[in-house]
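Asks: One file is attached below, upload.txt, containing compact mmCIF, C-alpha atoms and all ligand atoms.
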```
# COMPACT_ATOMS: atom_id res chain seq x y z
CA MET A 717 -10.04 2.49 25.97
CA ILE A 718 -10.22 -1.06 24.65
CA LEU A 719 -8.48 -0.13 21.39
CA ASP A 720 -5.43 0.95 23.38
CA SER A 721 -4.92 -2.70 24.31
CA PHE A 722 -4.19 -3.42 20.64
CA SER A 723 -1.44 -0.79 20.47
CA LEU A 724 2.18 -1.97 20.12
CA LYS A 725 3.65 1.47 20.75
CA GLY A 726 6.99 1.10 22.55
CA LYS A 727 7.23 -2.62 21.72
CA THR A 728 9.94 -4.39 19.69
CA ALA A 729 9.28 -7.27 17.31
CA LEU A 730 11.44 -9.80 15.48
CA VAL A 731 9.80 -11.52 12.50
CA THR A 732 11.76 -14.42 11.03
CA GLY A 733 11.50 -14.70 7.25
CA GLY A 734 10.17 -11.17 6.96
CA SER A 735 11.54 -10.36 3.51
CA TYR A 736 8.32 -11.18 1.64
CA GLY A 737 5.05 -13.10 1.90
CA ILE A 738 3.27 -13.52 5.21
CA GLY A 739 6.34 -12.46 7.22
CA PHE A 740 6.56 -9.13 5.44
CA ALA A 741 2.83 -8.51 5.97
CA ALA A 742 3.09 -9.48 9.63
CA ALA A 743 5.96 -7.04 10.15
CA GLN A 744 4.02 -4.32 8.33
CA ALA A 745 1.01 -4.86 10.59
CA LEU A 746 3.09 -4.87 13.79
CA ALA A 747 4.81 -1.66 12.65
CA GLN A 748 1.48 -0.03 11.79
CA ALA A 749 0.36 -0.88 15.34
CA GLY A 750 3.44 0.93 16.69
CA ALA A 751 6.16 -1.70 17.11
CA GLU A 752 9.81 -1.35 16.10
CA ILE A 753 10.57 -4.10 13.59
CA ALA A 754 13.47 -6.43 12.82
CA PHE A 755 13.45 -9.31 10.34
CA ASN A 756 15.83 -11.85 8.88
CA CYS A 757 16.14 -13.92 5.72
CA ARG A 758 18.77 -15.95 3.80
CA SER A 759 19.16 -13.89 0.67
CA GLU A 760 21.05 -10.58 0.40
CA GLU A 761 18.90 -9.62 -2.57
CA HIS A 762 15.66 -10.28 -0.68
CA LEU A 763 17.06 -8.41 2.32
CA GLN A 764 17.83 -5.28 0.33
CA THR A 765 14.53 -5.37 -1.56
CA ALA A 766 12.62 -5.78 1.68
CA LEU A 767 14.52 -2.98 3.44
CA GLN A 768 13.65 -0.65 0.57
CA ALA A 769 10.00 -1.71 0.74
CA TYR A 770 9.82 -1.21 4.52
CA HIS A 771 11.56 2.16 4.34
CA ALA A 772 9.28 3.26 1.48
CA GLU A 773 6.41 2.76 3.92
CA GLY A 774 8.18 4.73 6.64
CA ILE A 775 9.00 1.55 8.59
CA ASP A 776 12.56 1.80 9.98
CA ALA A 777 13.04 -1.98 9.90
CA LYS A 778 16.31 -3.62 10.88
CA GLY A 779 17.28 -6.47 8.55
CA PHE A 780 19.60 -9.42 9.21
CA LEU A 781 21.08 -12.02 6.90
CA CYS A 782 20.52 -15.05 9.07
CA ASP A 783 19.45 -18.62 8.31
CA VAL A 784 17.10 -19.58 11.13
CA THR A 785 18.69 -23.05 11.30
CA ASP A 786 22.12 -21.57 12.09
CA GLU A 787 22.08 -21.40 15.90
CA THR A 788 25.24 -19.27 16.10
CA ALA A 789 23.84 -16.72 13.67
CA VAL A 790 20.47 -16.71 15.48
CA VAL A 791 22.09 -16.07 18.86
CA GLN A 792 24.24 -13.30 17.36
CA MET A 793 21.17 -11.65 15.78
CA VAL A 794 19.14 -11.86 19.00
CA ASP A 795 22.07 -10.60 21.11
CA LYS A 796 22.54 -7.62 18.78
CA LEU A 797 18.85 -6.72 18.95
CA GLN A 798 18.75 -7.11 22.71
CA LYS A 799 21.75 -4.77 23.05
CA GLU A 800 20.19 -2.19 20.70
CA TRP A 801 16.60 -2.50 21.95
CA GLY A 802 17.07 -3.67 25.53
CA GLY A 803 15.06 -6.80 24.70
CA ILE A 804 12.61 -8.33 22.21
CA ASP A 805 8.93 -8.05 23.21
CA ILE A 806 7.40 -9.97 20.29
CA LEU A 807 8.79 -12.90 18.32
CA VAL A 808 7.04 -14.20 15.20
CA ASN A 809 8.46 -17.56 14.10
CA ASN A 810 7.39 -17.30 10.46
CA ALA A 811 10.27 -18.53 8.28
CA ALA A 812 9.54 -21.89 6.64
CA ILE A 813 9.96 -23.89 3.45
CA THR A 814 8.10 -26.74 1.84
CA LYS A 815 8.71 -29.32 -0.87
CA ARG A 816 5.75 -31.03 -2.46
CA VAL A 817 6.71 -34.63 -3.27
CA PRO A 818 5.18 -38.03 -2.38
CA MET A 819 6.78 -39.25 0.84
CA ILE A 820 8.28 -42.42 -0.58
CA GLN A 821 10.03 -40.31 -3.22
CA MET A 822 11.33 -37.69 -0.76
CA ASP A 823 15.05 -37.57 -0.04
CA THR A 824 15.71 -37.95 3.67
CA ALA A 825 17.92 -34.86 3.49
CA ASP A 826 14.96 -32.84 2.19
CA PHE A 827 12.71 -34.17 4.97
CA ARG A 828 15.30 -33.27 7.58
CA ARG A 829 15.84 -29.78 6.10
CA ILE A 830 12.12 -28.98 6.21
CA ILE A 831 11.86 -30.13 9.83
CA ASP A 832 14.97 -28.07 10.59
CA VAL A 833 13.63 -24.84 9.09
CA ASP A 834 9.93 -25.21 9.91
CA LEU A 835 10.16 -26.66 13.44
CA THR A 836 13.65 -26.80 14.97
CA ALA A 837 14.31 -23.17 14.06
CA ALA A 838 11.28 -22.04 16.09
CA PHE A 839 12.84 -23.86 19.05
CA LEU A 840 16.22 -22.19 18.42
CA VAL A 841 14.92 -18.64 18.07
CA SER A 842 12.45 -18.97 20.96
CA LYS A 843 15.20 -20.40 23.18
CA ALA A 844 17.38 -17.39 22.34
CA VAL A 845 14.64 -14.85 23.05
CA LEU A 846 12.88 -16.32 26.11
CA PRO A 847 15.50 -15.44 28.78
CA SER A 848 15.23 -11.71 28.07
CA MET A 849 11.42 -11.94 27.95
CA ILE A 850 11.52 -13.53 31.41
CA GLN A 851 13.87 -10.79 32.60
CA LYS A 852 11.59 -8.06 31.12
CA GLY A 853 8.52 -9.50 32.83
CA GLY A 854 6.75 -10.85 29.78
CA GLY A 855 6.56 -11.25 26.03
CA LYS A 856 4.71 -12.69 23.06
CA ILE A 857 5.74 -15.58 20.85
CA ILE A 858 3.63 -16.24 17.76
CA ASN A 859 4.33 -19.39 15.76
CA ILE A 860 3.00 -19.44 12.21
CA CYS A 861 1.26 -22.80 11.97
CA SER A 862 -0.87 -24.09 9.10
CA MET A 863 -3.85 -26.11 7.96
CA MET A 864 -1.23 -28.85 8.06
CA SER A 865 -1.05 -28.45 11.80
CA GLU A 866 -4.44 -30.24 11.72
CA LEU A 867 -4.82 -31.87 8.31
CA GLY A 868 -2.70 -33.99 5.99
CA ARG A 869 -2.66 -33.95 2.25
CA GLU A 870 -0.67 -35.72 -0.45
CA THR A 871 2.96 -34.59 -1.01
CA VAL A 872 3.46 -32.48 2.14
CA SER A 873 4.58 -35.11 4.68
CA ALA A 874 7.63 -33.21 6.00
CA TYR A 875 5.83 -29.88 6.13
CA ALA A 876 2.80 -31.36 7.91
CA ALA A 877 5.02 -33.18 10.41
CA ALA A 878 6.80 -29.90 11.13
CA LYS A 879 3.61 -27.86 11.43
CA GLY A 880 2.00 -30.46 13.68
CA GLY A 881 5.09 -30.33 15.86
CA LEU A 882 5.00 -26.53 15.82
CA LYS A 883 1.44 -26.64 17.22
CA MET A 884 2.65 -28.73 20.16
CA LEU A 885 5.82 -26.68 20.63
CA THR A 886 3.49 -23.67 20.88
CA ARG A 887 1.47 -25.36 23.61
CA ASN A 888 4.60 -26.42 25.44
CA ILE A 889 6.16 -22.96 25.46
CA ALA A 890 2.79 -21.64 26.69
CA SER A 891 2.79 -24.23 29.48
CA GLU A 892 6.40 -23.73 30.53
CA TYR A 893 6.58 -19.90 30.40
CA GLY A 894 3.03 -18.71 31.01
CA ALA A 895 3.98 -18.05 34.63
CA TYR A 896 6.39 -15.35 33.42
CA ASN A 897 3.61 -13.41 31.66
CA ILE A 898 4.78 -14.83 28.34
CA GLN A 899 2.01 -15.83 25.93
CA CYS A 900 2.88 -18.25 23.14
CA ASN A 901 0.19 -18.78 20.52
CA GLY A 902 -0.04 -20.00 16.96
CA LEU A 903 -1.50 -18.27 13.95
CA GLY A 904 -2.81 -20.85 11.47
CA PRO A 905 -3.39 -19.31 8.04
CA GLY A 906 -5.53 -21.18 5.53
CA TYR A 907 -4.36 -21.02 1.92
CA ILE A 908 -2.80 -17.60 1.30
CA ALA A 909 -1.63 -16.14 -2.01
CA THR A 910 2.16 -15.87 -1.53
CA PRO A 911 5.23 -17.10 -3.43
CA GLN A 912 5.09 -20.33 -1.43
CA THR A 913 1.67 -21.25 -2.85
CA ALA A 914 2.18 -19.78 -6.33
CA PRO A 915 2.68 -23.26 -7.88
CA LEU A 916 -0.78 -24.26 -6.56
CA ARG A 917 -2.40 -21.27 -8.23
CA GLU A 918 -0.77 -21.63 -11.68
CA PRO A 919 -3.62 -21.22 -14.24
CA GLN A 920 -4.14 -23.99 -16.81
CA PRO A 921 -2.94 -23.46 -20.43
CA ASP A 922 -6.46 -22.36 -21.42
CA GLY A 923 -6.41 -19.74 -18.65
CA SER A 924 -8.88 -21.61 -16.42
CA PRO A 925 -8.11 -21.92 -12.69
CA SER A 926 -5.75 -24.68 -11.56
CA PRO A 927 -7.45 -27.89 -10.38
CA PHE A 928 -6.09 -27.16 -6.89
CA GLU A 929 -7.64 -23.68 -6.91
CA THR A 930 -11.03 -25.13 -7.90
CA PHE A 931 -10.69 -27.77 -5.17
CA LEU A 932 -9.61 -25.27 -2.54
CA CYS A 933 -12.37 -22.77 -3.21
CA ALA A 934 -14.93 -25.57 -2.95
CA ARG A 935 -13.32 -26.50 0.38
CA THR A 936 -13.40 -22.95 1.76
CA PRO A 937 -16.72 -21.43 2.96
CA ALA A 938 -15.34 -17.99 2.00
CA GLY A 939 -14.90 -19.45 -1.51
CA ARG A 940 -11.55 -17.71 -2.07
CA TRP A 941 -7.82 -17.78 -1.34
CA GLY A 942 -6.75 -15.77 1.67
CA THR A 943 -4.57 -12.71 1.29
CA VAL A 944 -1.79 -11.55 3.58
CA ASP A 945 -4.05 -8.65 4.57
CA ASP A 946 -6.49 -11.17 6.10
CA LEU A 947 -3.77 -12.05 8.62
CA LYS A 948 -2.87 -8.54 9.79
CA GLY A 949 -5.60 -8.01 12.39
CA PRO A 950 -5.12 -11.46 13.98
CA ILE A 951 -1.33 -11.03 14.20
CA VAL A 952 -1.69 -7.65 15.93
CA PHE A 953 -4.22 -9.18 18.33
CA LEU A 954 -1.85 -12.03 19.28
CA ALA A 955 1.07 -9.58 19.63
CA SER A 956 -0.84 -7.12 21.82
CA GLU A 957 -2.07 -6.84 25.41
CA ALA A 958 -5.54 -7.62 24.07
CA SER A 959 -4.50 -11.31 24.07
CA ASN A 960 -2.77 -11.38 27.48
CA PHE A 961 -5.02 -14.22 28.70
CA VAL A 962 -4.81 -16.19 25.45
CA ASN A 963 -2.08 -18.81 25.72
CA GLY A 964 -1.32 -22.02 23.86
CA HIS A 965 -4.05 -21.26 21.34
CA ILE A 966 -3.81 -21.78 17.60
CA LEU A 967 -5.86 -19.02 15.95
CA TYR A 968 -6.89 -20.34 12.53
CA VAL A 969 -7.46 -17.68 9.91
CA ASP A 970 -8.69 -19.96 7.15
CA GLY A 971 -12.00 -18.64 5.83
CA GLY A 972 -13.66 -21.62 7.52
CA ILE A 973 -11.75 -24.50 5.90
CA LEU A 974 -11.36 -26.48 9.14
CA ALA A 975 -15.10 -26.17 9.84
CA TYR A 976 -16.28 -27.35 6.43
CA LEU A 977 -16.68 -30.74 4.73
CA GLY A 978 -16.61 -28.99 1.35
CA LYS A 979 -19.14 -28.00 -1.31
CA GLN A 980 -20.99 -30.95 -2.81
CA PRO A 981 -19.91 -31.21 -6.51
P1 LIG B 1001 7.29 -17.69 1.49
O1 LIG B 1001 6.53 -16.83 0.57
O2 LIG B 1001 8.05 -18.87 1.00
O3 LIG B 1001 8.27 -16.76 2.40
C1 LIG B 1001 9.15 -17.41 3.26
C2 LIG B 1001 9.99 -16.36 3.97
O4 LIG B 1001 10.90 -17.03 4.85
C3 LIG B 1001 10.84 -15.54 3.04
O5 LIG B 1001 11.03 -14.26 3.62
C4 LIG B 1001 12.18 -16.29 3.03
O6 LIG B 1001 13.21 -15.38 2.70
C5 LIG B 1001 12.25 -16.73 4.48
N1 LIG B 1001 13.05 -17.96 4.72
C6 LIG B 1001 12.90 -19.18 4.15
N2 LIG B 1001 13.80 -20.04 4.67
C7 LIG B 1001 14.53 -19.35 5.60
C8 LIG B 1001 15.60 -19.68 6.47
N3 LIG B 1001 16.11 -20.91 6.50
N4 LIG B 1001 16.09 -18.71 7.27
C9 LIG B 1001 15.58 -17.47 7.24
N5 LIG B 1001 14.56 -17.08 6.44
C10 LIG B 1001 14.05 -18.02 5.63
O7 LIG B 1001 6.28 -18.29 2.58
P2 LIG B 1001 4.86 -17.73 3.08
O8 LIG B 1001 3.78 -18.28 2.22
O9 LIG B 1001 4.97 -16.27 3.30
O10 LIG B 1001 4.76 -18.48 4.47
C11 LIG B 1001 5.26 -17.87 5.65
C12 LIG B 1001 4.87 -18.75 6.81
O11 LIG B 1001 3.46 -18.99 6.76
C13 LIG B 1001 5.51 -20.12 6.79
O12 LIG B 1001 5.71 -20.56 8.12
C14 LIG B 1001 4.44 -20.99 6.13
O13 LIG B 1001 4.58 -22.35 6.48
C15 LIG B 1001 3.22 -20.40 6.74
N6 LIG B 1001 1.96 -20.62 6.04
C16 LIG B 1001 1.83 -20.23 4.74
C17 LIG B 1001 0.58 -20.41 4.14
C18 LIG B 1001 0.30 -20.01 2.72
O14 LIG B 1001 -0.74 -20.42 2.19
N7 LIG B 1001 1.16 -19.24 2.08
C19 LIG B 1001 -0.48 -20.95 4.85
C20 LIG B 1001 -0.26 -21.37 6.17
C21 LIG B 1001 0.97 -21.18 6.75
P3 LIG B 1001 14.58 -15.90 1.96
O15 LIG B 1001 14.14 -16.76 0.81
O16 LIG B 1001 15.27 -14.65 1.55
O17 LIG B 1001 15.30 -16.67 3.03
C1 LIG B 1002 0.23 -27.05 0.39
C2 LIG B 1002 0.44 -25.64 0.87
C3 LIG B 1002 -0.02 -25.50 2.30
C4 LIG B 1002 0.00 -24.05 2.69
C5 LIG B 1002 -0.44 -23.85 4.08
C6 LIG B 1002 -1.86 -24.27 4.31
O1 LIG B 1002 1.05 -27.52 -0.41
O2 LIG B 1002 -0.77 -27.65 0.81
O3 LIG B 1002 1.79 -25.27 0.76
O4 LIG B 1002 0.80 -26.26 3.11
O5 LIG B 1002 1.27 -23.53 2.58
O6 LIG B 1002 0.43 -24.38 5.01
O7 LIG B 1002 -2.25 -23.78 5.56
```
For this file, write the structure as structure tokens.
Ligand code: NAP
Ligand code: GCO

Replies:
Amino acid sequence: MILDSFSLKGKTALVTGGSYGIGFAAAQALAQAGAEIAFNCRSEEHLQTALQAYHAEGIDAKGFLCDVTDETAVVQMVDKLQKEWGGIDILVNNAAITKRVPMIQMDTADFRRIIDVDLTAAFLVSKAVLPSMIQKGGGKIINICSMMSELGRETVSAYAAAKGGLKMLTRNIASEYGAYNIQCNGLGPGYIATPQTAPLREPQPDGSPSPFETFLCARTPAGRWGTVDDLKGPIVFLASEASNFVNGHILYVDGGILAYLGKQP
């Protein structure tokens, strides 16, 4: 039955940055499709809150306090999971940060930090997980890309550079490890209502939508912000056997933004 190819029963999945936002929703979806879930984040408070939320939904998630830029901590987390699970079948490189500031005003340290979290970390975690995927005879790596993997906009130079790099890292992992039955693809959300984009959705003092919200909805054929629920089906697809011949692809889930010049004012 074709639907069986979307099942993740018996699979294990690590979602970086799975304490809230898109990462939490991705982990929820993978669990609902049958996978065992692990996630990491930086904050003890977020970790505990997320564990309670997962457990309240009957998801026996494993949580780790681990900064994805800390290679030692990443290797320790992956080693622990591989000992407990016998390997990691699915890796979602989701954790990322942004800082919205004009490039010439951006501190170099901030630029470097964003590249470190949003790009280098995907290299670190993938490098830690790939050997056991090769040994197991296959695996899935899903890198959470962005509209900024394709488009620029004011104030997001570091983030866009990272997300553009993440698109090509995705293609390179696909190229280098496809022979081991490992598929590495990107999921490229449009604009999604999460804490990361909350500042862009802040209503104006008179209660009217933010200028960015008005702009974005005119730029999106669907005419709305995406929700984390919009991403659940695509993430399960990319994590499942249903996508075994999809490799190096960035699946944009953007309501049509990348296809659209924008509504004429
Ligand atoms: P978010 O709301 O800011 O959530 C980020 C998650 O990553 C949190 O769980 C956070 O937990 C964790 N995190 C941040 N830095 C970390 C680090 N150094 N080590 C470990 N965990 C870390 O972001 P989001 O909107 O859900 O976005 C998730 C992913 O989707 C990111 O890759 C983002 O670039 C991408 N994306 C977002 C949108 C959107 O519109 N929201 C669109 C396209 C792509 P702690 O704070 O506890 O560490
Ligand atoms: C921004 C937003 C975007 C979204 C997302 C779009 O400031 O433009 O943060 O970067 O997070 O990546 O796909």

Asks: When the cut-off is 9 Å and you count only C-alpha atoms and all ligand atoms, which residues lie near ligand LIG 1002 (chain B), shown as a PyMOL selection string?

Replies: chain A and resi 813-816+861-865+867-872+875-876+879+904-908+910+912-916+970

Asks: Go through stretch 802-843 of chain A and flag each residue having an atom no more than 12 Å from stretch 757-767 of chain A; for those, report the closest pair of atoms plus their distance in Å to one decimal, using only C-alpha atoms, ordered by chain and rising number, as JSON lines.

Replies:
```
{"residue": "A:Asn809", "atom": "CA", "partner": "A:Cys757", "partner_atom": "CA", "distance": 11.9}
{"residue": "A:Asn810", "atom": "CA", "partner": "A:Cys757", "partner_atom": "CA", "distance": 10.5}
{"residue": "A:Ala811", "atom": "CA", "partner": "A:Cys757", "partner_atom": "CA", "distance": 7.9}
{"residue": "A:Ala812", "atom": "CA", "partner": "A:Cys757", "partner_atom": "CA", "distance": 10.4}
{"residue": "A:Ile813", "atom": "CA", "partner": "A:Arg758", "partner_atom": "CA", "distance": 11.9}
{"residue": "A:Val833", "atom": "CA", "partner": "A:Arg758", "partner_atom": "CA", "distance": 11.6}
```

Asks: Restricting the calculation to all atoms listed in the file, which member of A:Lys979, A:Lys843, A:Arg917, A:Arg935 is positioned closest to ligand LIG 1001 (chain B)?

Replies: A:Arg917

Asks: Nearest residue to A:Phe755 out of A:Thr728, A:Ser959, A:Asn901, A:Thr886, using only C-alpha atoms?

Replies: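 Smallest distance to A:Phe755 is found for A:Thr728.
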
Asks: Out of A:Ala955, A:Leu835, A:Ala895, A:Val784, which residue has the shortest atom-to-atom distance to ligand LIG 1001 (chain B) when counting only C-alpha atoms and all ligand atoms?

Replies: A:Val784

Asks: If you measure from atom CA of A:Pro981 to atom CA of A:Ser924, what distance in Å do you get, rounded to one decimal?

Replies: 17.7 Å

Asks: Would you mind reading off the distance between atom CA of A:Thr732 and atom N6 of ligand LIG 1001 (chain B), one decimal, in Å?

Replies: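 A separation of 12.6 Å between them.
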
Asks: So, counting all atoms listed in the file, which residue among A:Gly855, A:Pro927, A:Gly880, A:Gly939 is closest to ligand LIG 1001 (chain B)?

Replies: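 Between A:Gly855, A:Pro927, A:Gly880, A:Gly939, the residue approaching ligand LIG 1001 (chain B) most closely is A:Gly880.
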
Asks: Mind checking which residues fall within 9 Å of A:Leu840, counting all atoms listed in the file, ignoring those fewer than 4 positions away in the same chain, and posting them as a list in words?

Replies: Val784, Thr785, Asp786, Glu787, Val790, Val791, Thr836, Ala844 and Val845 of chain A

Asks: For A:Lys725, list every protein, DNA or RNA residue within 12 Å, evaluated using only C-alpha atoms, and leave out those in the same chain fewer than 3 positions away; present the list as a ChimeraX atom specification.

Replies: /A:720-722,728-729,746-753,805,952,955-957

Asks: Can you tell me how far atom CA of A:Pro911 sits from atom CA of A:Asp823, in Å to one decimal?

Replies: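 Atom CA of A:Asp823 lies 23.0 Å from atom CA of A:Pro911.
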
Asks: Looking at only C-alpha atoms, which of A:Leu807, A:Met884, A:Leu954, A:Leu947 is the one that sits closest to A:Ser723?

Replies: A:Leu954

Asks: Which residue out of A:Ile718, A:Ala877, A:Val817, A:Ile860 has the minimum interatomic distance to ligand LIG 1001 (chain B) when only C-alpha atoms and all ligand atoms are used?

Replies: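 Using only C-alpha atoms and all ligand atoms, the shortest distance to ligand LIG 1001 (chain B) belongs to A:Ile860.
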
Asks: Counting all atoms listed in the file, select every polymer residue within 6 Å of (12.2, -9.9, 6.2) as defined in the file's coordinates, and provide the selection as a list in words.

Replies: Gly733, Gly734, Ser735, Phe740, Phe755, Asn756 and Cys757 of chain A

Asks: Give me the residues near A:Lys852 as a list in words, where near means some atom within 9 Å (using all atoms listed in the file) and where sequence neighbours in that chain fewer than 5 positions away do not count.

Replies: Gly802, Gly803, Ile804, Asp805 and Pro847 of chain A

Asks: Write out as a PDB file with C-alpha atoms, in the coordinates of the input which residues come within 10 Å of A:Arg887 when counting only C-alpha atoms, dropping same-chain ones fewer than 6 positions away.

Replies:
```pdb
ATOM      1  CA  GLY A 881       5.090 -30.330  15.860  1.00  0.00           C
ATOM      2  CA  GLN A 899       2.010 -15.830  25.930  1.00  0.00           C
ATOM      3  CA  CYS A 900       2.880 -18.250  23.140  1.00  0.00           C
ATOM      4  CA  ASN A 901       0.190 -18.780  20.520  1.00  0.00           C
ATOM      5  CA  GLY A 902      -0.040 -20.000  16.960  1.00  0.00           C
ATOM      6  CA  ASN A 963      -2.080 -18.810  25.720  1.00  0.00           C
ATOM      7  CA  GLY A 964      -1.320 -22.020  23.860  1.00  0.00           C
ATOM      8  CA  HIS A 965      -4.050 -21.260  21.340  1.00  0.00           C
ATOM      9  CA  ILE A 966      -3.810 -21.780  17.600  1.00  0.00           C
TER      10      ILE A 966
END
```
